[in-house]
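Peer 1: One structure, as structure tokens, below. Some questions next.
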Amino acid sequence: MRDIKFRGKPINGTGWVYGYYVYQFEIGYYSQGYTDVPPRVHYIFGDKGDFCEVDPATVGQYVNYYGIEFYNGDIMLIACDCDSEYGCTHNDGIYTVVWNKETAGYALKSQSNGRLYPLDEYGEENMHVAGNIYDNPELLKLG
């Protein structure tokens, strides 16, 4: 069975919290006749039984791809060693881990051309997690 974990940045604090992702509707919400969706409060439920409210924009799910552990929003450095007789069709460079709705799976988004590549497009020995888009946005400018 695969691990299902999440991480997120705390609303009041620094660093990351890891665990299960849960959200709840704000208690006491009154829509005044509108059909609005009540606001949600987002939490990471940690391994030690603690709840921590997190910024929902920073929540990312854990992925384990052939022993490489990363989260949605991580920045990957990839060096292609493709030895195709037609030349390499990949780009060495910087990629962001994103969810691809069309394939219902994680993909690598190239910072140089914006294309999405499936994870299996590259060998796991070529992938290196360099940081993430929240703590290291300067890495995206290198690509």
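FYI, nothing fancy with the structure tokens labels: chains A, B, ... in order, residues from 1 per chain, ligands from 1 as they appear.
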Apply DSSP to the backbone of this structure and, from segment 32-141 of chain A, keep only the residues in strand (DSSP E); write these as a VMD selection string.
Peer 2: chain A and resid 40 to 46 51 to 53 60 to 65 68 to 71 74 to 78 93 to 100 105 to 110 116 to 118 127 to 132
Peer 1: From the options A:Val54, A:Leu116, A:Val41, A:Val63, which residue's atoms come nearest to Pro10 of chain A, counting only C-alpha atoms?
Peer 2: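 Counting only C-alpha atoms, the residue closest to Pro10 of chain A is A:Val54.
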Peer 1: Contacts of Tyr43 of chain A at 8 Å or less, counting only C-alpha atoms, minus same-chain residues fewer than 6 places along, as a list in words?
Peer 2: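 My list of contacting residues is Tyr21, Val22, Tyr23, Phe51, Cys52, Glu53 and Val54 of chain A.
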Peer 1: For a quick check of understanding, using only C-alpha atoms, which of A:Arg40, A:Asp55, A:Asp50, A:Gln61 has the smallest distance to Asn12 of chain A?
Peer 2: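 Of all the options, A:Asp55 lies closest to Asn12 of chain A.
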Peer 1: Using only C-alpha atoms, pick whichever of A:Val129, A:Leu108, A:Ala57, A:Ile75 has the shortest atom-to-atom distance to Leu142 of chain A.
Peer 2: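 With only C-alpha atoms as the atom set, the closest residue is A:Ile75.
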Peer 1: Leaving out segment 95-99 of chain A and any residue of its chain fewer than 2 positions from it, which residues lie within 8 Å of it when counting only C-alpha atoms, given as an mmCIF file with C-alpha atoms, in the first residue's frame?
Peer 2:
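That gives us around-v5.cif:
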data_model
loop_
_atom_site.group_PDB
_atom_site.id
_atom_site.type_symbol
_atom_site.label_atom_id
_atom_site.label_comp_id
_atom_site.auth_asym_id
_atom_site.auth_seq_id
_atom_site.Cartn_x
_atom_site.Cartn_y
_atom_site.Cartn_z
ATOM 1 C CA TYR A 71 5.744 16.652 -3.366
ATOM 2 C CA ASN A 72 3.530 18.591 -5.704
ATOM 3 C CA GLY A 73 5.206 21.998 -6.059
ATOM 4 C CA ASP A 74 8.777 20.706 -5.844
ATOM 5 C CA ILE A 75 11.399 21.896 -8.308
ATOM 6 C CA MET A 76 13.327 19.173 -10.125
ATOM 7 C CA LEU A 77 16.668 19.535 -11.855
ATOM 8 C CA ILE A 78 16.971 17.061 -14.712
ATOM 9 C CA GLY A 93 16.753 21.984 -17.093
ATOM 10 C CA LYS A 101 -5.721 16.750 -14.995
ATOM 11 C CA ALA A 104 -4.852 12.132 -13.819
ATOM 12 C CA GLY A 105 -1.248 11.885 -12.695
ATOM 13 C CA TYR A 106 1.781 13.908 -11.786
ATOM 14 C CA ALA A 107 3.863 15.498 -14.504
ATOM 15 C CA LEU A 108 6.937 17.674 -14.878
ATOM 16 C CA LYS A 109 6.332 21.161 -16.226
ATOM 17 C CA SER A 110 9.290 22.575 -18.127
ATOM 18 C CA GLN A 111 10.292 26.083 -17.122
ATOM 19 C CA ILE A 133 8.214 26.872 -5.561
#
Peer 1: For atom CA of Thr14 of chain A and atom CA of Pro137 of chain A, quote the distance in Å rounded to one decimal.
Peer 2: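 For atom CA of Thr14 of chain A relative to atom CA of Pro137 of chain A, the distance reads 16.3 Å.
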Peer 1: Gly67 of chain A: which residues within 10 Å, counting only C-alpha atoms, same-chain residues fewer than 3 positions away excluded, as an MDAnalysis selection string?
Peer 2: chainID A and resid 63:64 70 124:125
Peer 1: Since we have the selection now, will you write its residues out, keeping N, CA and C atoms, as a PDB file, in the first residue's frame?
Peer 2:
ATOM      1  N   VAL A  63       4.733  12.067  -3.374  1.00  0.00           N
ATOM      2  CA  VAL A  63       4.890  11.150  -4.498  1.00  0.00           C
ATOM      3  C   VAL A  63       6.194  10.387  -4.269  1.00  0.00           C
ATOM      4  N   ASN A  64       6.159   9.079  -4.471  1.00  0.00           N
ATOM      5  CA  ASN A  64       7.373   8.273  -4.420  1.00  0.00           C
ATOM      6  C   ASN A  64       7.512   7.618  -5.780  1.00  0.00           C
ATOM      7  N   PHE A  70       9.153  13.167  -3.456  1.00  0.00           N
ATOM      8  CA  PHE A  70       8.921  14.588  -3.683  1.00  0.00           C
ATOM      9  C   PHE A  70       7.442  14.892  -3.494  1.00  0.00           C
ATOM     10  N   GLU A 124      14.942   7.885 -13.434  1.00  0.00           N
ATOM     11  CA  GLU A 124      14.987   8.410 -12.064  1.00  0.00           C
ATOM     12  C   GLU A 124      16.394   8.811 -11.647  1.00  0.00           C
ATOM     13  N   GLU A 125      17.408   8.234 -12.289  1.00  0.00           N
ATOM     14  CA  GLU A 125      18.777   8.605 -11.940  1.00  0.00           C
ATOM     15  C   GLU A 125      19.118  10.025 -12.400  1.00  0.00           C
TER      16      GLU A 125
END
Peer 1: Would you mind reading off the distance between atom CA of Thr58 of chain A and atom CA of Glu102 of chain A, one decimal, in Å?
Peer 2: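 It comes out at 21.8 Å.
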Peer 1: Could you check the closest approach to Tyr65 of chain A for each of A:Gly8, A:Gly131, A:Pro118, A:Gly46 and tell me which residue wins, using only C-alpha atoms?
Peer 2: A:Pro118
Peer 1: So how far away is atom CA of Tyr20 of chain A from atom CA of Ile44 of chain A, in Å?
Peer 2: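 Between atom CA of Ile44 of chain A and atom CA of Tyr20 of chain A the gap is 5.4 Å.
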